[in-house]
file input13.pdb (PDB, C-alpha atoms)
ATOM      1  CA  MET P   1     -40.301 -16.204  32.873
ATOM      2  CA  PRO P   2     -40.202 -18.596  29.877
ATOM      3  CA  LEU P   3     -36.928 -20.398  29.268
ATOM      4  CA  ASP P   4     -36.609 -18.895  25.790
ATOM      5  CA  TRP P   5     -37.186 -15.275  26.845
ATOM      6  CA  HIS P   6     -34.067 -14.126  24.988
ATOM      7  CA  VAL P   7     -34.905 -15.783  21.677
ATOM      8  CA  GLU P   8     -35.945 -13.603  18.772
ATOM      9  CA  ARG P   9     -38.637 -15.589  17.004
ATOM     10  CA  LYS P  10     -39.032 -15.187  13.269
ATOM     11  CA  ILE P  11     -41.890 -16.594  11.236
ATOM     12  CA  GLY P  12     -41.249 -17.393   7.589
ATOM     13  CA  GLN P  13     -37.547 -16.501   7.769
ATOM     14  CA  ASN P  14     -36.161 -15.348   4.438
ATOM     15  CA  ASN P  15     -33.108 -16.709   2.662
ATOM     16  CA  PHE P  16     -31.379 -13.344   2.616
ATOM     17  CA  TRP P  17     -28.489 -14.402   0.405
ATOM     18  CA  ARG P  18     -30.857 -15.334  -2.407
ATOM     19  CA  ASP P  19     -32.400 -11.870  -2.374
ATOM     20  CA  GLU P  20     -29.297  -9.729  -1.866
ATOM     21  CA  GLY P  21     -27.584  -8.576  -5.054
ATOM     22  CA  ARG P  22     -24.021  -9.768  -5.519
ATOM     23  CA  ASP P  23     -21.295  -7.131  -5.123
ATOM     24  CA  VAL P  24     -18.239  -8.135  -7.170
ATOM     25  CA  SER P  25     -16.046  -5.791  -5.096
ATOM     26  CA  ALA P  26     -17.082  -7.313  -1.765
ATOM     27  CA  PRO P  27     -14.688  -9.622   0.124
ATOM     28  CA  TYR P  28     -16.447 -12.922  -0.464
ATOM     29  CA  LEU P  29     -15.817 -15.892  -2.731
ATOM     30  CA  PRO P  30     -18.142 -18.473  -4.326
ATOM     31  CA  TYR P  31     -18.052 -21.998  -2.897
ATOM     32  CA  ARG P  32     -19.956 -25.063  -4.055
ATOM     33  CA  CYS P  33     -22.100 -26.809  -1.445
ATOM     34  CA  VAL P  34     -25.061 -29.178  -1.258
ATOM     35  CA  GLU P  35     -28.376 -27.699  -0.163
ATOM     36  CA  LEU P  36     -30.611 -30.175   1.664
ATOM     37  CA  THR P  37     -34.337 -29.465   1.392
ATOM     38  CA  GLU P  38     -37.593 -31.328   1.855
ATOM     39  CA  ASP P  39     -37.748 -31.670  -1.920
ATOM     40  CA  GLY P  40     -34.280 -33.164  -2.277
ATOM     41  CA  ASN P  41     -30.611 -32.220  -2.526
ATOM     42  CA  ASN P  42     -29.159 -29.622  -4.882
ATOM     43  CA  GLU P  43     -25.620 -28.518  -5.626
ATOM     44  CA  ILE P  44     -25.449 -24.733  -5.478
ATOM     45  CA  ASP P  45     -22.840 -21.970  -5.370
ATOM     46  CA  VAL P  46     -22.930 -19.710  -2.316
ATOM     47  CA  ASP P  47     -20.787 -16.726  -1.345
ATOM     48  CA  VAL P  48     -18.489 -17.129   1.665
ATOM     49  CA  ILE P  49     -16.925 -14.193   3.505
ATOM     50  CA  VAL P  50     -13.139 -13.849   3.309
ATOM     51  CA  GLU P  51     -10.909 -13.377   6.345
ATOM     52  CA  LYS P  52      -7.189 -12.709   6.485
ATOM     53  CA  GLU P  53      -4.622 -12.642   9.253
ATOM     54  CA  PHE P  54      -2.981  -9.253   9.781
ATOM     55  CA  HIS P  55       0.063  -8.264  11.809
ATOM     56  CA  LEU P  56      -0.045  -4.715  13.156
ATOM     57  CA  SER P  57       2.956  -2.717  14.316
ATOM     58  CA  LEU P  58       3.291   0.770  15.766
ATOM     59  CA  ASN P  59       6.500   2.769  15.395
ATOM     60  CA  ASP P  60       8.311  -0.456  14.432
ATOM     61  CA  VAL P  61       7.053  -2.284  17.543
ATOM     62  CA  PRO P  62       4.938  -5.414  16.825
ATOM     63  CA  LEU P  63       1.629  -5.117  18.676
ATOM     64  CA  ALA P  64      -0.878  -7.720  17.551
ATOM     65  CA  SER P  65      -1.927 -10.401  15.102
ATOM     66  CA  PHE P  66      -5.617 -10.818  14.344
ATOM     67  CA  PHE P  67      -8.066 -11.917  11.674
ATOM     68  CA  ALA P  68     -10.229  -9.404   9.837
ATOM     69  CA  THR P  69     -12.057  -8.869   6.574
ATOM     70  CA  PRO P  70      -9.493  -7.486   4.076
ATOM     71  CA  ARG P  71     -10.812  -3.980   3.467
ATOM     72  CA  GLU P  72     -10.986  -0.588   5.243
ATOM     73  CA  PHE P  73      -7.389  -1.026   6.358
ATOM     74  CA  LYS P  74      -6.754   2.506   7.633
ATOM     75  CA  GLU P  75     -10.015   2.508   9.575
ATOM     76  CA  LEU P  76      -9.075  -0.853  11.092
ATOM     77  CA  ALA P  77      -5.598   0.290  12.126
ATOM     78  CA  VAL P  78      -6.651   3.659  13.557
ATOM     79  CA  GLY P  79      -9.627   2.120  15.333
ATOM     80  CA  PHE P  80      -7.484  -0.639  16.833
ATOM     81  CA  LEU P  81      -4.970   1.874  18.192
ATOM     82  CA  LEU P  82      -7.779   3.957  19.702
ATOM     83  CA  CYS P  83      -9.761   1.039  21.094
ATOM     84  CA  GLU P  84      -6.692  -0.587  22.643
ATOM     85  CA  GLY P  85      -5.524   2.650  24.269
ATOM     86  CA  PHE P  86      -2.334   3.249  22.275
ATOM     87  CA  ILE P  87      -3.496   6.671  21.032
ATOM     88  CA  ASP P  88      -6.078   9.234  22.146
ATOM     89  CA  HIS P  89      -6.985  10.833  18.815
ATOM     90  CA  ALA P  90      -6.927   9.877  15.148
ATOM     91  CA  ILE P  91      -4.678  12.861  14.442
ATOM     92  CA  ASP P  92      -1.969  11.145  16.504
ATOM     93  CA  VAL P  93      -1.521   8.724  13.588
ATOM     94  CA  ILE P  94       1.072   9.892  11.071
ATOM     95  CA  SER P  95       0.713   7.070   8.549
ATOM     96  CA  VAL P  96      -0.757   3.624   7.920
ATOM     97  CA  GLU P  97       0.864   1.448   5.265
ATOM     98  CA  VAL P  98      -0.415  -1.919   4.069
ATOM     99  CA  GLU P  99       2.152  -4.452   2.881
ATOM    100  CA  ASP P 100       0.479  -7.787   2.155
ATOM    101  CA  ASP P 101      -0.555  -8.986   5.641
ATOM    102  CA  LYS P 102       1.168  -6.170   7.538
ATOM    103  CA  LEU P 103      -0.430  -2.991   8.873
ATOM    104  CA  ILE P 104       2.512  -0.673   9.504
ATOM    105  CA  CYS P 105       1.524   2.307  11.640
ATOM    106  CA  HIS P 106       3.449   5.343  12.795
ATOM    107  CA  ALA P 107       2.109   7.769  15.369
ATOM    108  CA  ASP P 108       3.252  10.824  17.265
ATOM    109  CA  ILE P 109       3.275   9.314  20.753
ATOM    110  CA  CYS P 110       5.787   8.727  23.520
ATOM    111  CA  PRO P 111       7.675   5.407  23.192
ATOM    112  CA  ASP P 112       6.998   4.706  26.870
ATOM    113  CA  ARG P 113       3.279   4.663  26.148
ATOM    114  CA  ILE P 114       3.699   1.785  23.722
ATOM    115  CA  LYS P 115       5.649  -0.176  26.315
ATOM    116  CA  LYS P 116       3.076   0.561  29.015
ATOM    117  CA  THR P 117       0.056  -0.324  26.900
ATOM    118  CA  ARG P 118       1.503  -3.212  24.948
ATOM    119  CA  ARG P 119       0.536  -6.774  25.798
ATOM    120  CA  ASP P 120       2.619  -9.858  25.185
ATOM    121  CA  ILE P 121       1.429 -11.342  21.902
ATOM    122  CA  ASP P 122       2.381 -14.741  20.540
ATOM    123  CA  PRO P 123       3.478 -13.933  16.952
ATOM    124  CA  ASP P 124       2.506 -17.443  15.860
ATOM    125  CA  SER P 125      -0.978 -17.241  17.347
ATOM    126  CA  ARG P 126      -3.757 -17.908  14.870
ATOM    127  CA  PHE P 127      -6.490 -16.621  17.140
ATOM    128  CA  ASP P 128      -8.181 -13.246  17.184
ATOM    129  CA  PHE P 129      -5.951 -11.098  19.388
ATOM    130  CA  CYS P 130      -8.808  -9.438  21.227
ATOM    131  CA  SER P 131     -10.830 -12.580  21.887
ATOM    132  CA  CYS P 132      -7.844 -14.262  23.531
ATOM    133  CA  ALA P 133      -7.704 -11.833  26.445
ATOM    134  CA  ILE P 134      -8.115 -13.456  29.840
ATOM    135  CA  GLY P 135      -9.295 -11.568  32.889
ATOM    136  CA  SER P 136      -9.873  -7.841  33.137
ATOM    137  CA  ARG P 137      -8.482  -5.803  30.275
ATOM    138  CA  PRO P 138      -6.641  -2.552  30.976
ATOM    139  CA  CYS P 139      -8.586   0.608  30.206
ATOM    140  CA  ARG P 140      -7.019   4.041  30.073
ATOM    141  CA  LYS P 141     -10.246   5.936  30.705
ATOM    142  CA  LYS P 142     -13.066   6.127  33.215
ATOM    143  CA  ILE P 143     -16.532   7.286  32.258
ATOM    144  CA  GLY P 144     -17.778  10.209  34.346
ATOM    145  CA  SER P 145     -20.146   9.279  37.167
ATOM    146  CA  GLU P 146     -22.566  12.063  36.198
ATOM    147  CA  PRO P 147     -24.065  11.457  32.751
ATOM    148  CA  GLU P 148     -23.585  14.295  30.310
ATOM    149  CA  LEU P 149     -25.617  12.592  27.596
ATOM    150  CA  GLU P 150     -29.090  11.140  27.383
ATOM    151  CA  PHE P 151     -30.206   8.758  24.660
ATOM    152  CA  ASP P 152     -33.822   8.152  23.799
ATOM    153  CA  ARG P 153     -34.333   4.384  23.683
ATOM    154  CA  LYS P 154     -35.738   4.830  20.174
ATOM    155  CA  VAL P 155     -32.203   5.727  19.040
ATOM    156  CA  PHE P 156     -31.100   2.159  19.729
ATOM    157  CA  PHE P 157     -34.144   0.607  18.079
ATOM    158  CA  LYS P 158     -33.421   2.726  14.996
ATOM    159  CA  ALA P 159     -29.758   1.701  15.048
ATOM    160  CA  ILE P 160     -30.678  -1.988  15.187
ATOM    161  CA  GLU P 161     -32.893  -1.533  12.138
ATOM    162  CA  HIS P 162     -29.970   0.126  10.338
ATOM    163  CA  LEU P 163     -27.748  -2.816  11.259
ATOM    164  CA  LYS P 164     -30.239  -5.092   9.531
ATOM    165  CA  SER P 165     -30.776  -2.935   6.453
ATOM    166  CA  ASP P 166     -27.140  -1.903   5.876
ATOM    167  CA  ALA P 167     -25.505  -5.291   6.487
ATOM    168  CA  LYS P 168     -25.405  -6.351   2.848
ATOM    169  CA  THR P 169     -22.367  -8.583   3.272
ATOM    170  CA  TRP P 170     -24.039 -10.386   6.176
ATOM    171  CA  ARG P 171     -27.202 -10.906   4.156
ATOM    172  CA  ARG P 172     -25.136 -12.316   1.305
ATOM    173  CA  THR P 173     -22.867 -14.558   3.407
ATOM    174  CA  GLY P 174     -24.246 -14.791   6.950
ATOM    175  CA  GLY P 175     -20.656 -14.487   8.174
ATOM    176  CA  THR P 176     -20.138 -10.951   9.492
ATOM    177  CA  HIS P 177     -20.758  -8.785  12.532
ATOM    178  CA  SER P 178     -21.980  -5.210  12.123
ATOM    179  CA  VAL P 179     -21.303  -2.083  14.182
ATOM    180  CA  ILE P 180     -22.737   1.429  14.106
ATOM    181  CA  VAL P 181     -21.482   4.621  15.718
ATOM    182  CA  CYS P 182     -24.378   7.024  16.295
ATOM    183  CA  ASP P 183     -24.982  10.233  18.229
ATOM    184  CA  SER P 184     -27.684  11.040  20.777
ATOM    185  CA  GLU P 185     -29.928  12.365  17.995
ATOM    186  CA  GLY P 186     -29.859   8.978  16.293
ATOM    187  CA  ASP P 187     -27.728  10.061  13.335
ATOM    188  CA  ILE P 188     -25.626   7.207  11.937
ATOM    189  CA  LEU P 189     -22.032   8.449  11.779
ATOM    190  CA  ALA P 190     -20.232   5.231  10.827
ATOM    191  CA  PHE P 191     -21.118   1.670   9.841
ATOM    192  CA  CYS P 192     -18.819  -1.304   9.273
ATOM    193  CA  GLU P 193     -19.008  -5.071   8.835
ATOM    194  CA  ASP P 194     -16.291  -7.602   9.597
ATOM    195  CA  VAL P 195     -15.854 -11.302  10.297
ATOM    196  CA  SER P 196     -14.610 -10.351  13.777
ATOM    197  CA  ARG P 197     -16.896  -8.468  16.136
ATOM    198  CA  ALA P 198     -13.804  -6.809  17.638
ATOM    199  CA  SER P 199     -12.487  -5.700  14.244
ATOM    200  CA  ALA P 200     -15.954  -4.450  13.301
ATOM    201  CA  VAL P 201     -15.799  -2.154  16.342
ATOM    202  CA  ASP P 202     -12.268  -1.057  15.435
ATOM    203  CA  LYS P 203     -13.309  -0.210  11.877
ATOM    204  CA  ALA P 204     -16.433   1.718  12.870
ATOM    205  CA  VAL P 205     -14.572   3.681  15.549
ATOM    206  CA  GLY P 206     -11.684   4.330  13.165
ATOM    207  CA  LYS P 207     -14.014   5.516  10.411
ATOM    208  CA  ALA P 208     -15.812   7.897  12.778
ATOM    209  CA  ALA P 209     -12.573   9.211  14.299
ATOM    210  CA  LEU P 210     -10.986   9.820  10.891
ATOM    211  CA  ALA P 211     -14.094  11.824   9.943
ATOM    212  CA  GLY P 212     -13.547  14.074  12.951
ATOM    213  CA  VAL P 213     -16.457  12.751  15.017
ATOM    214  CA  ASP P 214     -16.404  13.562  18.748
ATOM    215  CA  LEU P 215     -16.826  10.047  20.111
ATOM    216  CA  SER P 216     -17.627  11.307  23.611
ATOM    217  CA  ASN P 217     -21.053  12.293  22.256
ATOM    218  CA  CYS P 218     -21.688   8.890  20.690
ATOM    219  CA  ALA P 219     -22.818   5.342  21.308
ATOM    220  CA  ILE P 220     -21.612   2.109  19.751
ATOM    221  CA  VAL P 221     -24.360  -0.297  18.657
ATOM    222  CA  ALA P 222     -23.322  -3.800  17.615
ATOM    223  CA  THR P 223     -24.582  -7.259  16.748
ATOM    224  CA  GLY P 224     -22.037  -9.210  18.805
ATOM    225  CA  ARG P 225     -22.154 -10.296  22.424
ATOM    226  CA  LEU P 226     -21.008  -7.784  25.038
ATOM    227  CA  SER P 227     -17.754  -9.325  26.218
ATOM    228  CA  VAL P 228     -15.037  -7.671  28.288
ATOM    229  CA  THR P 229     -13.192  -7.109  24.999
ATOM    230  CA  MET P 230     -16.073  -5.129  23.524
ATOM    231  CA  VAL P 231     -16.585  -3.122  26.718
ATOM    232  CA  SER P 232     -12.879  -2.302  26.961
ATOM    233  CA  LYS P 233     -12.804  -1.104  23.360
ATOM    234  CA  ALA P 234     -15.839   1.135  23.908
ATOM    235  CA  ILE P 235     -14.266   2.683  27.006
ATOM    236  CA  ASN P 236     -10.919   3.355  25.337
ATOM    237  CA  ALA P 237     -12.722   4.798  22.306
ATOM    238  CA  GLY P 238     -14.335   7.341  24.639
ATOM    239  CA  VAL P 239     -18.033   6.569  24.133
ATOM    240  CA  SER P 240     -20.480   6.525  27.041
ATOM    241  CA  VAL P 241     -22.890   3.860  25.773
ATOM    242  CA  LEU P 242     -22.386   0.380  24.302
ATOM    243  CA  ALA P 243     -25.461  -1.489  23.077
ATOM    244  CA  SER P 244     -26.105  -4.717  21.201
ATOM    245  CA  LYS P 245     -28.917  -6.928  19.991
ATOM    246  CA  ALA P 246     -27.015  -9.774  21.683
ATOM    247  CA  GLY P 247     -26.453 -10.496  25.358
ATOM    248  CA  PRO P 248     -23.621  -9.647  27.756
ATOM    249  CA  ILE P 249     -20.933 -11.723  29.456
ATOM    250  CA  ASN P 250     -20.342 -11.334  33.182
ATOM    251  CA  GLU P 251     -16.883  -9.744  32.938
ATOM    252  CA  GLY P 252     -18.224  -7.244  30.428
ATOM    253  CA  ILE P 253     -20.907  -6.175  32.897
ATOM    254  CA  ASP P 254     -18.406  -5.978  35.762
ATOM    255  CA  LEU P 255     -16.018  -3.774  33.775
ATOM    256  CA  ALA P 256     -18.841  -1.493  32.586
ATOM    257  CA  ARG P 257     -19.998  -1.018  36.169
ATOM    258  CA  ALA P 258     -16.463  -0.383  37.401
ATOM    259  CA  VAL P 259     -15.891   2.520  34.998
ATOM    260  CA  GLY P 260     -19.430   3.877  34.546
ATOM    261  CA  LEU P 261     -20.167   2.778  30.975
ATOM    262  CA  THR P 262     -23.838   2.431  30.064
ATOM    263  CA  LEU P 263     -24.303  -1.154  28.860
ATOM    264  CA  VAL P 264     -27.434  -2.250  26.985
ATOM    265  CA  GLY P 265     -28.169  -5.748  25.698
ATOM    266  CA  PHE P 266     -30.924  -7.597  23.840
ATOM    267  CA  VAL P 267     -32.009  -4.452  21.980
ATOM    268  CA  ARG P 268     -34.995  -5.878  20.146
ATOM    269  CA  PRO P 269     -37.970  -3.538  19.744
ATOM    270  CA  PRO P 270     -39.862  -2.814  21.889
ATOM    271  CA  HIS P 271     -37.570  -4.143  24.657
ATOM    272  CA  MET P 272     -33.986  -3.790  25.851
ATOM    273  CA  TYR P 273     -32.043  -4.699  28.992
ATOM    274  CA  VAL P 274     -29.877  -2.049  30.675
ATOM    275  CA  TYR P 275     -27.133  -3.614  32.805
ATOM    276  CA  ASN P 276     -25.508  -0.358  33.868
ATOM    277  CA  GLY P 277     -26.019   3.385  33.452
ATOM    278  CA  ILE P 278     -29.816   3.528  33.201
ATOM    279  CA  GLU P 279     -29.600   7.275  33.886
ATOM    280  CA  ARG P 280     -28.392   7.835  30.308
ATOM    281  CA  ILE P 281     -31.445   6.123  28.773
ATOM    282  CA  ILE P 282     -34.770   7.974  28.518
TER     283      ILE P 282
END

call {"tool": "encode", "arguments": {"input": "input13.pdb", "output": "structure tokens"}}
result
Amino acid sequence: MPLDWHVERKIGQNNFWRDEGRDVSAPYLPYRCVELTEDGNNEIDVDVIVEKEFHLSLNDVPLASFFATPREFKELAVGFLLCEGFIDHAIDVISVEVEDDKLICHADICPDRIKKTRRDIDPDSRFDFCSCAIGSRPCRKKIGSEPELEFDRKVFFKAIEHLKSDAKTWRRTGGTHSVIVCDSEGDILAFCEDVSRASAVDKAVGKAALAGVDLSNCAIVATGRLSVTMVSKAINAGVSVLASKAGPINEGIDLARAVGLTLVGFVRPPHMYVYNGIERII
């Protein structure tokens, strides 16, 4: 096996940001930089993605601080609560209010559940909440041992192509992760981009859940690596399959195998690697 087996080679790679039209409503800002080329140096303006630190609370209890792209706030909040196991359904959420850097959520759940699910968060931390987790993350659900769904592998190849074609902010800035929620027929039910791969999952899951999608019949397809954080979020969201064009991390594989989640990495047509749950892939 060649040492670079996992590398996706591209010949004549395009400068996507030069070709992608600028969206004045998108969360990026122009910055001046110096472009170094074989023909010399040029000062140019390029668009840079914006991130902002948010502090999320549930029923007046502080839960987490994390960085995210400042848009799709309700989707982010609802998706976070689902993917971290604080709620089971989007309808559990009564309200989401945005006050500057605060996401203030109220939900119809038992107070004891917040205490049981909550993790100790350093309020002064300036790191992504999800990426700071150490060791196995708690999951409230276990995927059934007998697969109820089967996904044609072409569904994942199609989803990866959608990630490329729909990721306009990434093409303009090169600074985002993208996530799709799709069903076993290959229909794209939600798409989101964010500076954080974890927040991109939260937003896509939140968008699908708010639209009334039954996530148990869906897969999550992402661009980011398959860490224990990503696997935990997929399990708590209730999907049976998590796939990515990137590779996995050992704890992500171990958690997927422990709960029965189908885990697929390096989805790059015509190949993919299935680390668990091959019975769901046809």

call {"tool": "resolve_selection", "arguments": {"input": "input13.pdb", "expression": "the PyMOL selection byres ((chain P and resi 176-181) around 6)", "output": "tab-separated table (two decimals) with C-alpha atoms, keeping the file's coordinate frame"}}
result
chain	number	residue	atom	x	y	z
P	170	TRP	CA	-24.04	-10.39	6.18
P	175	GLY	CA	-20.66	-14.49	8.17
P	182	CYS	CA	-24.38	7.02	16.30
P	189	LEU	CA	-22.03	8.45	11.78
P	190	ALA	CA	-20.23	5.23	10.83
P	191	PHE	CA	-21.12	1.67	9.84
P	192	CYS	CA	-18.82	-1.30	9.27
P	193	GLU	CA	-19.01	-5.07	8.84
P	194	ASP	CA	-16.29	-7.60	9.60
P	195	VAL	CA	-15.85	-11.30	10.30
P	197	ARG	CA	-16.90	-8.47	16.14
P	200	ALA	CA	-15.95	-4.45	13.30
P	201	VAL	CA	-15.80	-2.15	16.34
P	219	ALA	CA	-22.82	5.34	21.31
P	220	ILE	CA	-21.61	2.11	19.75
P	221	VAL	CA	-24.36	-0.30	18.66
P	222	ALA	CA	-23.32	-3.80	17.61
P	223	THR	CA	-24.58	-7.26	16.75

call {"tool": "resolve_selection", "arguments": {"input": "input13.pdb", "expression": "the PyMOL selection byres ((chain P and resi 38-49) around 8)", "output": "short mmCIF file (atom, residue, chain, number, x, y, z; two decimals) with C-alpha atoms, keeping the file's coordinate frame"}}
result
data_model
loop_
_atom_site.label_atom_id
_atom_site.label_comp_id
_atom_site.auth_asym_id
_atom_site.auth_seq_id
_atom_site.Cartn_x
_atom_site.Cartn_y
_atom_site.Cartn_z
CA PRO P 27 -14.69 -9.62 0.12
CA TYR P 28 -16.45 -12.92 -0.46
CA LEU P 29 -15.82 -15.89 -2.73
CA PRO P 30 -18.14 -18.47 -4.33
CA TYR P 31 -18.05 -22.00 -2.90
CA ARG P 32 -19.96 -25.06 -4.06
CA CYS P 33 -22.10 -26.81 -1.44
CA VAL P 34 -25.06 -29.18 -1.26
CA GLU P 35 -28.38 -27.70 -0.16
CA LEU P 36 -30.61 -30.18 1.66
CA THR P 37 -34.34 -29.46 1.39
CA VAL P 50 -13.14 -13.85 3.31
CA GLU P 51 -10.91 -13.38 6.34
CA THR P 69 -12.06 -8.87 6.57
CA THR P 169 -22.37 -8.58 3.27
CA ARG P 172 -25.14 -12.32 1.30
CA THR P 173 -22.87 -14.56 3.41
CA GLY P 175 -20.66 -14.49 8.17
CA THR P 176 -20.14 -10.95 9.49
CA VAL P 195 -15.85 -11.30 10.30
#

call {"tool": "residues_around", "arguments": {"input": "input13.pdb", "residues": "region 230-245 of chain P", "least_positions_apart": "2", "cutoff": "7 Å", "atoms": "all atoms listed in the file", "output": "ChimeraX atom specification"}}
result
/P:82-85,137,139-141,143,198,215-228,247,252,256,261-268

call {"tool": "resolve_selection", "arguments": {"input": "input13.pdb", "expression": "the PyMOL selection byres ((chain P and resi 56) around 9)", "output": "number ranges by chain"}}
result
P: 54-55, 57-58, 61-66, 77, 101-105

call {"tool": "write_last_selection", "arguments": {"input": "input13.pdb", "atoms": "C-alpha atoms", "output": "PDB file, in the coordinates of the input"}}
result
ATOM      1  CA  PHE P  54      -2.981  -9.253   9.781  1.00  0.00           C
ATOM      2  CA  HIS P  55       0.063  -8.264  11.809  1.00  0.00           C
ATOM      3  CA  SER P  57       2.956  -2.717  14.316  1.00  0.00           C
ATOM      4  CA  LEU P  58       3.291   0.770  15.766  1.00  0.00           C
ATOM      5  CA  VAL P  61       7.053  -2.284  17.543  1.00  0.00           C
ATOM      6  CA  PRO P  62       4.938  -5.414  16.825  1.00  0.00           C
ATOM      7  CA  LEU P  63       1.629  -5.117  18.676  1.00  0.00           C
ATOM      8  CA  ALA P  64      -0.878  -7.720  17.551  1.00  0.00           C
ATOM      9  CA  SER P  65      -1.927 -10.401  15.102  1.00  0.00           C
ATOM     10  CA  PHE P  66      -5.617 -10.818  14.344  1.00  0.00           C
ATOM     11  CA  ALA P  77      -5.598   0.290  12.126  1.00  0.00           C
ATOM     12  CA  ASP P 101      -0.555  -8.986   5.641  1.00  0.00           C
ATOM     13  CA  LYS P 102       1.168  -6.170   7.538  1.00  0.00           C
ATOM     14  CA  LEU P 103      -0.430  -2.991   8.873  1.00  0.00           C
ATOM     15  CA  ILE P 104       2.512  -0.673   9.504  1.00  0.00           C
ATOM     16  CA  CYS P 105       1.524   2.307  11.640  1.00  0.00           C
TER      17      CYS P 105
END

call {"tool": "atom_distance", "arguments": {"input": "input13.pdb", "atom1": "CA of Asn250 (chain P)", "atom2": "CA of Lys203 (chain P)"}}
result
25.0 Å

call {"tool": "atom_distance", "arguments": {"input": "input13.pdb", "atom1": "CA of Asp112 (chain P)", "atom2": "CA of Thr229 (chain P)"}}
result
23.5 Å

call {"tool": "atom_distance", "arguments": {"input": "input13.pdb", "atom1": "CA of Glu97 (chain P)", "atom2": "CA of Lys74 (chain P)"}}
result
8.0 Å

call {"tool": "closest_residue", "arguments": {"input": "input13.pdb", "among": "P:Glu148, P:Asp214, P:Glu75, P:Ile114", "to": "Asp60 (chain P)", "atoms": "only C-alpha atoms"}}
result
P:Ile114

call {"tool": "axis_aligned_box", "arguments": {"input": "input13.pdb", "around": "region 241-248 of chain P", "padding_each_side": "6 Å", "output": "AutoDock Vina command-line options"}}
result
--center_x -25.7 --center_y -3.3 --center_z 23.9 --size_x 18.5 --size_y 26.4 --size_z 19.8

call {"tool": "closest_residue", "arguments": {"input": "input13.pdb", "among": "P:Arg113, P:Arg22, P:Arg280, P:Lys164", "to": "Leu81 (chain P)", "atoms": "all atoms listed in the file"}}
result
P:Arg113
